[in-house]
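Asker: For reference, this is query-v3.cif, and it has mmCIF, C-alpha atoms and all ligand atoms.
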```
data_input
#
loop_
_atom_site.label_atom_id
_atom_site.label_comp_id
_atom_site.auth_asym_id
_atom_site.auth_seq_id
_atom_site.Cartn_x
_atom_site.Cartn_y
_atom_site.Cartn_z
CA MET W 1 9.30 19.18 3.13
CA THR W 2 5.60 18.50 2.77
CA LYS W 3 4.60 14.87 2.76
CA LYS W 4 3.19 13.24 -0.35
CA ILE W 5 -0.49 12.45 -0.21
CA VAL W 6 -2.15 9.04 -0.31
CA LEU W 7 -5.85 8.41 -0.78
CA THR W 8 -7.83 5.19 -0.87
CA GLY W 9 -11.23 3.99 0.04
CA ASP W 10 -13.55 1.04 0.33
CA ARG W 11 -17.20 0.70 -0.49
CA THR W 12 -19.14 0.25 2.71
CA SER W 13 -21.29 -2.65 1.66
CA GLY W 14 -20.04 -5.13 4.26
CA PRO W 15 -17.02 -5.98 6.39
CA LEU W 16 -13.57 -6.29 4.79
CA HIS W 17 -11.89 -9.58 3.96
CA LEU W 18 -8.36 -10.91 3.50
CA GLY W 19 -8.44 -9.80 -0.15
CA HIS W 20 -8.85 -6.20 0.97
CA TYR W 21 -5.97 -6.66 3.38
CA VAL W 22 -3.57 -8.02 0.80
CA GLY W 23 -4.74 -5.76 -2.03
CA SER W 24 -4.71 -2.49 -0.18
CA LEU W 25 -4.76 -2.38 3.64
CA ALA W 26 -1.23 -3.79 3.98
CA ASN W 27 0.12 -1.00 1.78
CA ARG W 28 -1.80 1.61 3.72
CA LEU W 29 -0.23 0.40 6.95
CA LYS W 30 3.21 0.84 5.44
CA LEU W 31 2.41 4.25 4.00
CA GLN W 32 0.86 5.90 7.02
CA ASP W 33 4.18 6.80 8.64
CA ASP W 34 5.72 8.65 5.73
CA TYR W 35 2.75 10.07 3.87
CA GLN W 36 -0.26 12.19 4.58
CA GLN W 37 -2.91 9.53 4.22
CA PHE W 38 -6.65 9.88 3.66
CA ILE W 39 -8.83 6.77 3.89
CA MET W 40 -12.39 7.05 2.71
CA LEU W 41 -15.45 5.08 3.72
CA ALA W 42 -17.14 5.13 0.32
CA ASP W 43 -20.80 5.02 1.31
CA MET W 44 -21.92 6.96 -1.76
CA GLN W 45 -20.11 4.60 -4.10
CA ALA W 46 -21.63 1.65 -2.22
CA LEU W 47 -25.07 3.11 -2.96
CA THR W 48 -24.41 3.01 -6.71
CA ASP W 49 -25.25 -0.69 -6.67
CA HIS W 50 -27.19 -0.91 -3.38
CA ALA W 51 -29.60 2.03 -3.69
CA SER W 52 -32.40 0.19 -1.93
CA GLU W 53 -30.30 -0.84 1.06
CA PRO W 54 -29.19 2.39 2.73
CA ASP W 55 -29.38 0.88 6.21
CA ARG W 56 -26.91 -1.82 5.28
CA ILE W 57 -24.57 0.78 3.78
CA VAL W 58 -24.72 2.97 6.87
CA LYS W 59 -24.24 0.02 9.23
CA SER W 60 -21.24 -1.07 7.20
CA ILE W 61 -19.55 2.29 7.69
CA LEU W 62 -18.87 1.24 11.27
CA GLU W 63 -17.90 -2.32 10.30
CA VAL W 64 -15.29 -1.11 7.83
CA ALA W 65 -14.03 1.54 10.23
CA LEU W 66 -13.59 -1.17 12.88
CA ASP W 67 -11.67 -3.26 10.33
CA TYR W 68 -9.33 -0.34 9.60
CA LEU W 69 -8.61 0.34 13.23
CA ALA W 70 -8.30 -3.36 14.10
CA VAL W 71 -5.58 -3.99 11.50
CA GLY W 72 -3.62 -1.01 12.76
CA ILE W 73 -4.66 2.04 10.76
CA ASP W 74 -3.81 4.76 13.24
CA PRO W 75 -6.18 7.73 13.28
CA LYS W 76 -3.35 9.93 14.55
CA LYS W 77 -1.47 9.23 11.32
CA SER W 78 -4.26 8.58 8.81
CA THR W 79 -7.41 10.61 8.28
CA ILE W 80 -10.43 8.29 8.11
CA PHE W 81 -13.55 9.95 6.74
CA ILE W 82 -17.04 9.31 5.34
CA GLN W 83 -17.63 10.09 1.67
CA SER W 84 -21.20 11.39 2.04
CA LEU W 85 -20.04 13.98 4.56
CA ILE W 86 -17.92 15.67 1.88
CA PRO W 87 -20.26 17.64 -0.45
CA ALA W 88 -17.35 18.92 -2.55
CA LEU W 89 -16.94 15.40 -3.96
CA SER W 90 -20.37 15.52 -5.58
CA GLU W 91 -19.74 18.97 -7.03
CA LEU W 92 -16.41 17.94 -8.50
CA THR W 93 -18.09 14.89 -10.03
CA MET W 94 -20.56 17.15 -11.84
CA TYR W 95 -17.78 19.21 -13.40
CA TYR W 96 -15.67 16.19 -14.38
CA LEU W 97 -18.64 14.51 -16.05
CA ASN W 98 -18.30 17.00 -18.89
CA LEU W 99 -14.70 16.05 -19.54
CA ILE W 100 -15.15 12.41 -20.38
CA THR W 101 -17.22 10.80 -23.11
CA TRP W 102 -20.04 8.36 -22.58
CA ASN W 103 -18.27 6.03 -24.94
CA ARG W 104 -15.15 6.05 -22.79
CA LEU W 105 -17.22 5.25 -19.71
CA LYS W 106 -18.91 2.31 -21.39
CA HIS W 107 -15.55 0.72 -22.08
CA ASN W 108 -14.11 0.77 -18.58
CA PRO W 109 -13.17 -2.92 -18.22
CA THR W 110 -13.80 -3.11 -14.46
CA VAL W 111 -17.21 -1.49 -14.76
CA LYS W 112 -18.05 -3.84 -17.66
CA ALA W 113 -17.05 -6.90 -15.63
CA GLU W 114 -19.06 -5.68 -12.62
CA ILE W 115 -22.16 -5.11 -14.77
CA VAL W 116 -21.98 -8.76 -15.82
CA GLN W 117 -21.18 -9.99 -12.31
CA LYS W 118 -24.06 -8.05 -10.76
CA GLY W 119 -26.45 -9.07 -13.54
CA PHE W 120 -27.46 -5.48 -14.38
CA GLY W 121 -27.78 -6.06 -18.13
CA GLU W 122 -29.44 -3.01 -19.70
CA ASN W 123 -30.71 -1.83 -16.31
CA VAL W 124 -27.45 -0.54 -14.97
CA PRO W 125 -28.01 2.52 -12.75
CA ALA W 126 -26.60 5.72 -14.24
CA GLY W 127 -24.84 6.37 -10.94
CA PHE W 128 -23.04 3.06 -11.29
CA MET W 129 -21.89 3.88 -14.82
CA ILE W 130 -20.31 7.11 -13.65
CA TYR W 131 -18.73 5.90 -10.42
CA PRO W 132 -15.26 6.01 -11.99
CA ILE W 133 -15.77 9.76 -12.34
CA SER W 134 -16.86 10.16 -8.77
CA GLN W 135 -13.77 8.15 -7.86
CA ALA W 136 -11.68 10.64 -9.84
CA ALA W 137 -13.29 13.33 -7.68
CA ASP W 138 -12.33 11.38 -4.52
CA ILE W 139 -8.73 11.13 -5.64
CA THR W 140 -8.26 14.64 -6.98
CA ALA W 141 -10.11 16.41 -4.16
CA PHE W 142 -7.30 15.28 -1.88
CA LYS W 143 -4.57 15.96 -4.47
CA ALA W 144 -3.45 12.38 -4.00
CA ASN W 145 -0.07 11.41 -5.44
CA ILE W 146 -0.48 7.74 -4.64
CA VAL W 147 -3.49 5.43 -4.60
CA PRO W 148 -2.80 1.97 -3.11
CA VAL W 149 -5.33 -0.39 -4.69
CA GLY W 150 -5.73 -3.86 -6.13
CA ASP W 151 -5.19 -4.30 -9.87
CA ASP W 152 -8.93 -4.26 -10.65
CA GLN W 153 -8.85 -0.56 -9.80
CA LEU W 154 -6.22 0.35 -12.40
CA PRO W 155 -8.81 1.51 -14.97
CA MET W 156 -10.13 3.99 -12.39
CA ILE W 157 -6.71 5.50 -11.87
CA GLU W 158 -6.20 5.69 -15.64
CA GLN W 159 -9.47 7.54 -16.05
CA THR W 160 -8.53 9.85 -13.22
CA VAL W 161 -5.25 10.69 -14.94
CA GLU W 162 -7.16 11.42 -18.16
CA ILE W 163 -9.54 13.73 -16.32
CA VAL W 164 -6.69 15.53 -14.59
CA ARG W 165 -4.91 16.13 -17.92
CA LYS W 166 -8.08 17.21 -19.67
CA PHE W 167 -9.04 19.53 -16.84
CA ASN W 168 -5.64 21.15 -16.53
CA ARG W 169 -5.41 21.55 -20.31
CA THR W 170 -8.93 22.82 -20.81
CA TYR W 171 -8.79 25.38 -18.03
CA ASN W 172 -5.13 26.18 -18.45
CA THR W 173 -4.24 25.38 -14.87
CA SER W 174 -2.24 22.97 -12.75
CA VAL W 175 -4.55 22.65 -9.74
CA LEU W 176 -5.24 18.96 -10.23
CA ILE W 177 -2.53 16.40 -9.49
CA GLU W 178 -1.94 13.24 -11.52
CA PRO W 179 -2.16 10.22 -9.21
CA GLU W 180 -0.22 6.99 -9.46
CA ALA W 181 -1.56 3.57 -8.52
CA MET W 182 0.40 1.47 -6.05
CA ILE W 183 -0.23 -2.21 -6.71
CA PRO W 184 1.04 -4.84 -4.26
CA ALA W 185 3.17 -7.80 -5.40
CA ILE W 186 0.23 -10.13 -4.90
CA ALA W 187 -2.41 -7.83 -6.28
CA ARG W 188 -5.37 -10.02 -5.60
CA LEU W 189 -6.10 -12.93 -3.39
CA PRO W 190 -8.13 -15.75 -4.96
CA GLY W 191 -11.32 -16.89 -3.28
CA ILE W 192 -11.40 -19.98 -1.06
CA ASP W 193 -13.20 -21.62 -4.00
CA GLY W 194 -10.26 -20.99 -6.35
CA GLN W 195 -11.94 -18.18 -8.30
CA ALA W 196 -9.60 -15.37 -9.28
CA LYS W 197 -11.00 -12.84 -6.83
CA MET W 198 -12.11 -13.01 -3.22
CA SER W 199 -15.41 -11.20 -2.97
CA LYS W 200 -18.51 -10.90 -0.89
CA THR W 201 -20.73 -11.31 -3.95
CA LEU W 202 -19.03 -14.59 -4.85
CA ASN W 203 -19.41 -15.79 -1.26
CA ASN W 204 -15.82 -17.03 -1.20
CA ALA W 205 -14.20 -14.70 1.32
CA ILE W 206 -12.52 -14.98 4.71
CA TYR W 207 -13.40 -11.85 6.67
CA LEU W 208 -11.09 -10.00 9.02
CA SER W 209 -13.91 -10.29 11.56
CA ASP W 210 -14.65 -14.01 11.05
CA PRO W 211 -14.54 -15.94 14.35
CA ALA W 212 -11.82 -18.61 14.67
CA ASP W 213 -14.17 -21.55 14.13
CA ILE W 214 -15.56 -20.06 10.90
CA VAL W 215 -12.04 -19.50 9.59
CA ALA W 216 -11.21 -23.14 10.41
CA LYS W 217 -14.28 -24.33 8.52
CA LYS W 218 -13.49 -22.17 5.51
CA VAL W 219 -9.87 -23.30 5.32
CA LYS W 220 -10.88 -26.94 5.63
CA GLY W 221 -13.21 -26.56 2.68
CA MET W 222 -10.74 -24.67 0.51
CA TYR W 223 -10.23 -25.51 -3.12
CA THR W 224 -6.79 -26.98 -3.88
CA ASP W 225 -5.36 -28.81 -6.87
CA PRO W 226 -8.35 -30.83 -8.15
CA ASN W 227 -5.99 -33.49 -9.57
CA HIS W 228 -4.26 -34.05 -6.24
CA LEU W 229 -6.51 -36.94 -5.33
CA ARG W 230 -4.26 -39.19 -3.27
CA VAL W 231 -1.56 -38.08 -0.88
CA GLU W 232 1.11 -39.76 -3.00
CA ASP W 233 0.08 -37.89 -6.19
CA PRO W 234 2.24 -34.96 -7.21
CA GLY W 235 0.35 -31.72 -6.57
CA LYS W 236 0.29 -28.31 -8.23
CA VAL W 237 1.36 -25.22 -6.35
CA GLU W 238 0.60 -22.62 -9.05
CA GLY W 239 -3.02 -21.60 -9.07
CA ASN W 240 -3.56 -23.47 -5.81
CA PRO W 241 -5.10 -20.89 -3.48
CA VAL W 242 -3.82 -22.64 -0.35
CA PHE W 243 -0.27 -21.91 -1.50
CA THR W 244 -1.14 -18.40 -2.66
CA TYR W 245 -2.38 -17.66 0.86
CA LEU W 246 0.70 -19.34 2.38
CA ASP W 247 2.88 -17.06 0.24
CA VAL W 248 1.27 -14.10 1.97
CA PHE W 249 0.70 -15.30 5.52
CA TYR W 250 3.29 -18.00 6.26
CA PRO W 251 6.15 -16.46 8.20
CA ASP W 252 8.81 -19.15 7.57
CA LYS W 253 9.71 -18.77 3.90
CA LYS W 254 12.27 -21.56 3.99
CA LYS W 255 9.83 -24.07 5.41
CA LEU W 256 7.25 -22.93 2.89
CA GLN W 257 9.67 -23.70 0.07
CA GLU W 258 10.11 -27.20 1.49
CA LEU W 259 6.34 -27.66 1.74
CA LYS W 260 5.95 -26.62 -1.87
CA GLU W 261 8.62 -29.03 -3.09
CA HIS W 262 7.17 -31.87 -1.04
CA TYR W 263 3.68 -31.17 -2.40
CA GLN W 264 4.93 -31.09 -5.98
CA ARG W 265 6.84 -34.34 -5.49
CA GLY W 266 3.86 -36.06 -3.96
CA GLY W 267 3.38 -37.44 -0.47
CA LEU W 268 2.08 -34.30 1.21
CA GLY W 269 -1.63 -34.30 1.90
CA ASP W 270 -3.92 -31.28 1.49
CA SER W 271 -5.06 -31.55 5.10
CA ILE W 272 -1.50 -31.03 6.38
CA VAL W 273 -0.93 -28.00 4.18
CA LYS W 274 -4.28 -26.59 5.24
CA LYS W 275 -3.37 -27.08 8.88
CA GLU W 276 -0.22 -25.03 8.36
CA LEU W 277 -2.26 -22.36 6.63
CA LEU W 278 -4.89 -22.29 9.35
CA GLU W 279 -2.25 -21.75 12.03
CA ALA W 280 -0.69 -18.91 10.08
CA LEU W 281 -4.06 -17.28 9.44
CA GLN W 282 -5.15 -17.53 13.06
CA ALA W 283 -1.85 -16.04 14.17
CA PHE W 284 -2.55 -13.09 11.89
CA LEU W 285 -6.27 -12.78 12.69
CA ASP W 286 -6.21 -13.35 16.47
CA PRO W 287 -4.88 -9.91 17.39
CA VAL W 288 -7.11 -8.28 14.77
CA ARG W 289 -10.18 -9.93 16.28
CA LYS W 290 -9.12 -8.96 19.79
CA LYS W 291 -8.59 -5.32 18.86
CA ARG W 292 -11.93 -5.28 17.03
CA GLU W 293 -13.76 -6.59 20.10
CA GLU W 294 -12.11 -3.97 22.26
CA LEU W 295 -13.03 -1.16 19.88
CA LYS W 296 -16.61 -2.37 19.71
CA LYS W 297 -16.95 -1.69 23.42
CA ASP W 298 -16.34 2.01 22.82
CA LEU W 299 -18.17 2.90 19.62
CA LYS W 300 -18.46 6.52 20.78
CA GLU W 301 -14.70 6.79 20.41
CA VAL W 302 -14.88 5.29 16.90
CA MET W 303 -17.60 7.80 15.94
CA LYS W 304 -15.42 10.60 17.25
CA ILE W 305 -12.57 9.44 15.05
CA LEU W 306 -14.86 9.44 12.00
CA LYS W 307 -16.31 12.85 12.82
CA GLU W 308 -12.93 14.47 13.29
CA GLY W 309 -11.53 12.79 10.20
CA SER W 310 -14.50 13.90 8.12
CA ASP W 311 -14.19 17.51 9.33
CA LYS W 312 -10.54 17.58 8.35
CA ALA W 313 -11.18 15.91 4.98
CA ASN W 314 -14.05 18.29 4.30
CA ALA W 315 -11.88 21.36 4.79
CA PHE W 316 -9.27 19.94 2.44
CA ALA W 317 -11.78 19.04 -0.29
CA GLU W 318 -13.57 22.41 0.05
CA ASN W 319 -10.30 24.12 -0.66
CA THR W 320 -9.66 22.03 -3.78
CA LEU W 321 -13.20 22.74 -4.99
CA LYS W 322 -12.57 26.45 -4.57
CA GLU W 323 -9.42 26.22 -6.67
CA VAL W 324 -11.22 24.14 -9.29
CA LYS W 325 -14.03 26.65 -9.58
CA GLN W 326 -11.58 29.48 -9.84
CA ALA W 327 -9.76 27.69 -12.66
CA MET W 328 -13.12 27.22 -14.41
CA HIS W 329 -14.00 30.90 -13.92
CA LEU W 330 -16.90 29.73 -11.79
CA ASP W 331 -15.98 32.00 -8.94
CA ILE W 332 -19.09 33.74 -10.11
CA MET W 333 -19.83 36.01 -7.20
CA HIS W 334 -16.39 37.45 -7.54
CA ARG W 335 -16.60 37.74 -11.33
CA LEU W 336 -20.07 39.13 -11.85
CA PHE W 337 -20.55 41.46 -8.96
N1 LIG W 401 -13.75 1.50 -6.05
C1 LIG W 401 -13.06 1.15 -4.83
C2 LIG W 401 -13.43 -0.31 -4.52
O1 LIG W 401 -14.38 -0.84 -5.07
C3 LIG W 401 -13.44 2.02 -3.66
C4 LIG W 401 -13.07 3.46 -3.85
C5 LIG W 401 -13.92 4.53 -3.89
C6 LIG W 401 -11.74 3.99 -3.99
N2 LIG W 401 -13.22 5.69 -4.06
C7 LIG W 401 -11.90 5.39 -4.12
C8 LIG W 401 -10.47 3.44 -4.03
C9 LIG W 401 -10.80 6.22 -4.31
C10 LIG W 401 -9.38 4.27 -4.20
C11 LIG W 401 -9.54 5.64 -4.36
O2 LIG W 401 -12.78 -0.91 -3.70
#
```
Is it possible to express this structure as C-alpha cells?

Answerer:
Amino acid sequence: MTKKIVLTGDRTSGPLHLGHYVGSLANRLKLQDDYQQFIMLADMQALTDHASEPDRIVKSILEVALDYLAVGIDPKKSTIFIQSLIPALSELTMYYLNLITWNRLKHNPTVKAEIVQKGFGENVPAGFMIYPISQAADITAFKANIVPVGDDQLPMIEQTVEIVRKFNRTYNTSVLIEPEAMIPAIARLPGIDGQAKMSKTLNNAIYLSDPADIVAKKVKGMYTDPNHLRVEDPGKVEGNPVFTYLDVFYPDKKKLQELKEHYQRGGLGDSIVKKELLEALQAFLDPVRKKREELKKDLKEVMKILKEGSDKANAFAENTLKEVKQAMHLDIMHRLF
C-alpha cells in the first residue's frame, strides 16, 4: 500500500516558537512514521510581506531547518525542502489564479486579519493577497491528503479544496487531490502576554532556540489572571496562559489537576505555578537546544539535507505540473507539432 501524503510548511521569517510546536510540529513528529511527509521552508511566502528583507528570509531558512531537526524531524523519514527551489509551484499558482475570484480572495478571514495586524491598509502587496493560492499550489503539487496546521490556516485549506474541485471539474480530470486539515487539540498557544496567538510580530513568543535564562525571564513575566492579586484570592484557570502551557507541557496530569483546583480555591501563588511551568518547559527545551547546538557545528550536513530534500520535492512537483498541463491541454508541444 502506498502511504498517504502530508505537506506543511512555515514561512522563513525567523526562528520557530512554542506556538509552532504545539500548532503543527508536534503533529508532524507523529505523522512522519506512517506517512510520506513533505515539509516546506516557505521562503517565497515569507517574501510576500518582507519583500525588502531577502537576507533575513534566506538566513531564516537555516534557522527554521535547525528548529525542525532539533525537535526531531528526521530527514530520513520526512522530506525537508525550500520553496523557491521548486519552480513548478510558481507555475501552478499562475494557473490556479484563474480559478478563483478576486472577491473570494478579499474575504479570506486570515488574510484580512493579517492585513490589519501588519498595518498594510490599502497598500497590501498583490503577492500577499494571493498567497492563499500559492499555498494551494504548495499543497496540491505534492498531492497532499493531510495538512497539519493551526486553526488560523483553515481558510487556506478551504480555498485549496475549492481550487481542487474547480480545477478537476473545469478540466474534467482527477489529477488534483482534495486535502484535509489536521488541527491539534490545542490549536493555538496564547502569547506570554495573554493575547490569543503567540507570534513574532506581537513580540510575545518563547522560541525553541531561546537560551534557558531568556525562557526563565519570559515565564516570570507571563500574564496570568489579572484579578489574582493576593495569594489567598481564588484564581482563574481558563484563559490563563500559564495553565494553557501547563496543559501542554506538564507531564504529571494528576498533579496538574491538583494545582488547578488549589489555584481556583485560592492560596496558590502565581510564582509557584510559574516555577512548575518553567521546570516543565526547560525539560522540554533542554534537549532541543542541545541538538540545535550540535547541528550548528555541521551546517554543511544541514545544507546537504536541504539540497537532497529539494531535489526530491522538485521531481515530485514537476510531475504534478506535467499532469496539470496535460489536463489543461497545455502540453502544447505535443498538441501542436
Ligand atoms: N501559511 C503558513 C504559515 O503562515 C505557511 C505555509 C506555506 C503552509 N505553505 C504552506 C502551511 C502549505 C501548510 C501548507 O504558517

Asker: Please report as a tab-separated table every residue of chain W lying within 9 Å of ligand LIG 401 (chain W), along with the nearest atom pair and their distance in Å (one decimal), using all atoms listed in the file.

Answerer:
```
residue	atom	partner	partner_atom	distance
W:Leu7	CA	W:LIG401	C11	5.8
W:Thr8	CA	W:LIG401	C10	3.8
W:Gly9	CA	W:LIG401	C6	4.1
W:Asp10	CA	W:LIG401	C3	4.1
W:Arg11	CA	W:LIG401	C3	5.1
W:Thr12	CA	W:LIG401	C3	8.7
W:His20	CA	W:LIG401	O2	8.1
W:Ser24	CA	W:LIG401	O2	8.9
W:Ile39	CA	W:LIG401	C11	8.4
W:Met40	CA	W:LIG401	N2	7.0
W:Leu41	CA	W:LIG401	C5	7.8
W:Ala42	CA	W:LIG401	C5	5.3
W:Asp43	CA	W:LIG401	C5	8.6
W:Met44	CA	W:LIG401	C5	8.6
W:Gln45	CA	W:LIG401	C5	6.2
W:Ala46	CA	W:LIG401	O1	8.2
W:Gln83	CA	W:LIG401	N2	8.5
W:Tyr131	CA	W:LIG401	N1	8.0
W:Pro132	CA	W:LIG401	N1	7.6
W:Ser134	CA	W:LIG401	N2	7.4
W:Gln135	CA	W:LIG401	N2	4.6
W:Ala136	CA	W:LIG401	C9	7.1
W:Ala137	CA	W:LIG401	C9	8.3
W:Asp138	CA	W:LIG401	C9	5.4
W:Ile139	CA	W:LIG401	C9	5.5
W:Val147	CA	W:LIG401	C10	6.0
W:Pro148	CA	W:LIG401	C10	7.1
W:Val149	CA	W:LIG401	C10	6.2
W:Gly150	CA	W:LIG401	O2	8.0
W:Asp152	CA	W:LIG401	O1	8.5
W:Gln153	CA	W:LIG401	N1	6.5
W:Met156	CA	W:LIG401	N1	7.7
W:Ile157	CA	W:LIG401	C11	8.0
W:Ala181	CA	W:LIG401	C10	9.0
```

Asker: Within 12 Å of Val215 in chain W, counting all atoms listed in the file, which residues show up once you throw out same-chain ones fewer than 2 positions away? Write them as JSON, numbers by chain, please.

Answerer: {"W": [17, 18, 192, 204, 205, 206, 207, 208, 209, 210, 211, 212, 213, 217, 218, 219, 220, 221, 222, 274, 275, 277, 278, 279, 280, 281, 282, 283, 284, 285, 286, 289]}

Asker: If you measure from CA of Asp331 in chain W to CA of Lys4 in chain W, what distance in Å do you get, rounded to one decimal?

Answerer: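 Calculated distance between CA of Asp331 in chain W and CA of Lys4 in chain W is 28.2 Å.
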
Asker: Find the residue from W:Gln195, W:Thr101, W:Asn227, W:Thr140 that sits nearest to Ser174 in chain W; use only C-alpha atoms when measuring.

Answerer: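 The shortest atom-to-atom distance to Ser174 in chain W comes from W:Thr140.
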
Asker: Give me the residues near Lys30 in chain W as a PDB file with C-alpha atoms, in the coordinates of the input, where near means some atom within 12 Å (using all atoms listed in the file) and where sequence neighbours in that chain fewer than 2 positions away do not count.

Answerer:
```pdb
ATOM      1  CA  VAL W   6      -2.150   9.040  -0.310  1.00  0.00           C
ATOM      2  CA  SER W  24      -4.710  -2.490  -0.180  1.00  0.00           C
ATOM      3  CA  LEU W  25      -4.760  -2.380   3.640  1.00  0.00           C
ATOM      4  CA  ALA W  26      -1.230  -3.790   3.980  1.00  0.00           C
ATOM      5  CA  ASN W  27       0.120  -1.000   1.780  1.00  0.00           C
ATOM      6  CA  ARG W  28      -1.800   1.610   3.720  1.00  0.00           C
ATOM      7  CA  GLN W  32       0.860   5.900   7.020  1.00  0.00           C
ATOM      8  CA  ASP W  33       4.180   6.800   8.640  1.00  0.00           C
ATOM      9  CA  ASP W  34       5.720   8.650   5.730  1.00  0.00           C
ATOM     10  CA  TYR W  35       2.750  10.070   3.870  1.00  0.00           C
ATOM     11  CA  GLN W  36      -0.260  12.190   4.580  1.00  0.00           C
ATOM     12  CA  GLN W  37      -2.910   9.530   4.220  1.00  0.00           C
ATOM     13  CA  VAL W  71      -5.580  -3.990  11.500  1.00  0.00           C
ATOM     14  CA  GLY W  72      -3.620  -1.010  12.760  1.00  0.00           C
ATOM     15  CA  ILE W  73      -4.660   2.040  10.760  1.00  0.00           C
ATOM     16  CA  ASP W  74      -3.810   4.760  13.240  1.00  0.00           C
ATOM     17  CA  LYS W  77      -1.470   9.230  11.320  1.00  0.00           C
ATOM     18  CA  SER W  78      -4.260   8.580   8.810  1.00  0.00           C
ATOM     19  CA  PRO W 148      -2.800   1.970  -3.110  1.00  0.00           C
ATOM     20  CA  MET W 182       0.400   1.470  -6.050  1.00  0.00           C
ATOM     21  CA  PRO W 184       1.040  -4.840  -4.260  1.00  0.00           C
TER      22      PRO W 184
END
```

Asker: Using only C-alpha atoms, pick whichever of W:Glu122, W:Val22, W:Ile80, W:Ala113 has the shortest atom-to-atom distance to Thr244 in chain W.

Answerer: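 Using only C-alpha atoms, Thr244 in chain W sits closest to W:Val22.
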
Asker: If we count all atoms listed in the file, what is near range 52-59 of chain W at a cut-off of 8 Å, once residues fewer than 2 positions away on the same chain are taken out, given as a ChimeraX atom specification?

Answerer: /W:12-14,43,46-47,50,61-63

Asker: Could you list, with a cut-off of 8 Å and counting all atoms listed in the file, the residues of range 157-195 of chain W near range 89-99 of chain W, each shown with its nearest atom pair and the distance in Å rounded to one decimal, rows sorted by chain and ascending number, as a tab-separated table?

Answerer:
```
residue	atom	partner	partner_atom	distance
W:Ile163	CA	W:Leu99	CA	6.5
W:Lys166	CA	W:Leu99	CA	6.7
W:Phe167	CA	W:Leu99	CA	7.2
```

Asker: Output C-alpha atoms of each residue in that selection to a file, as a PDB file, keeping the file's coordinate frame.

Answerer:
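Final output, saved to out.pdb:
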```
ATOM      1  CA  ILE W 163      -9.540  13.730 -16.320  1.00  0.00           C
ATOM      2  CA  LYS W 166      -8.080  17.210 -19.670  1.00  0.00           C
ATOM      3  CA  PHE W 167      -9.040  19.530 -16.840  1.00  0.00           C
TER       4      PHE W 167
END
```

Asker: From the list W:Arg230, W:Lys143, W:Lys112, W:His107, which residue is nearest Phe316 in chain W when using all atoms listed in the file?

Answerer: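 Answer, going by the shortest atom-to-atom distance: W:Lys143.
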
Asker: Nearest to Leu321 in chain W among W:Ile272, W:Ala196, W:Ala216, W:Ile86, with distances taken over all atoms listed in the file: which residue is it?

Answerer: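 Closest residue, counting all atoms listed in the file: W:Ile86.
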
Asker: Specify the axis-aligned box that encloses all atoms of range 311-325 of chain W listed in the file after padding of 5 Å on each side, stating its centre and edge lengths in Å to one decimal as lines of an AutoDock Vina configuration file.

Answerer:
```
center_x = -11.7
center_y = 21.3
center_z = -0.1
size_x = 14.9
size_y = 20.7
size_z = 28.9
```

Asker: So how far away is CA of Glu276 in chain W from CA of Glu258 in chain W, in Å?

Answerer: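 So the answer is 12.6 Å.
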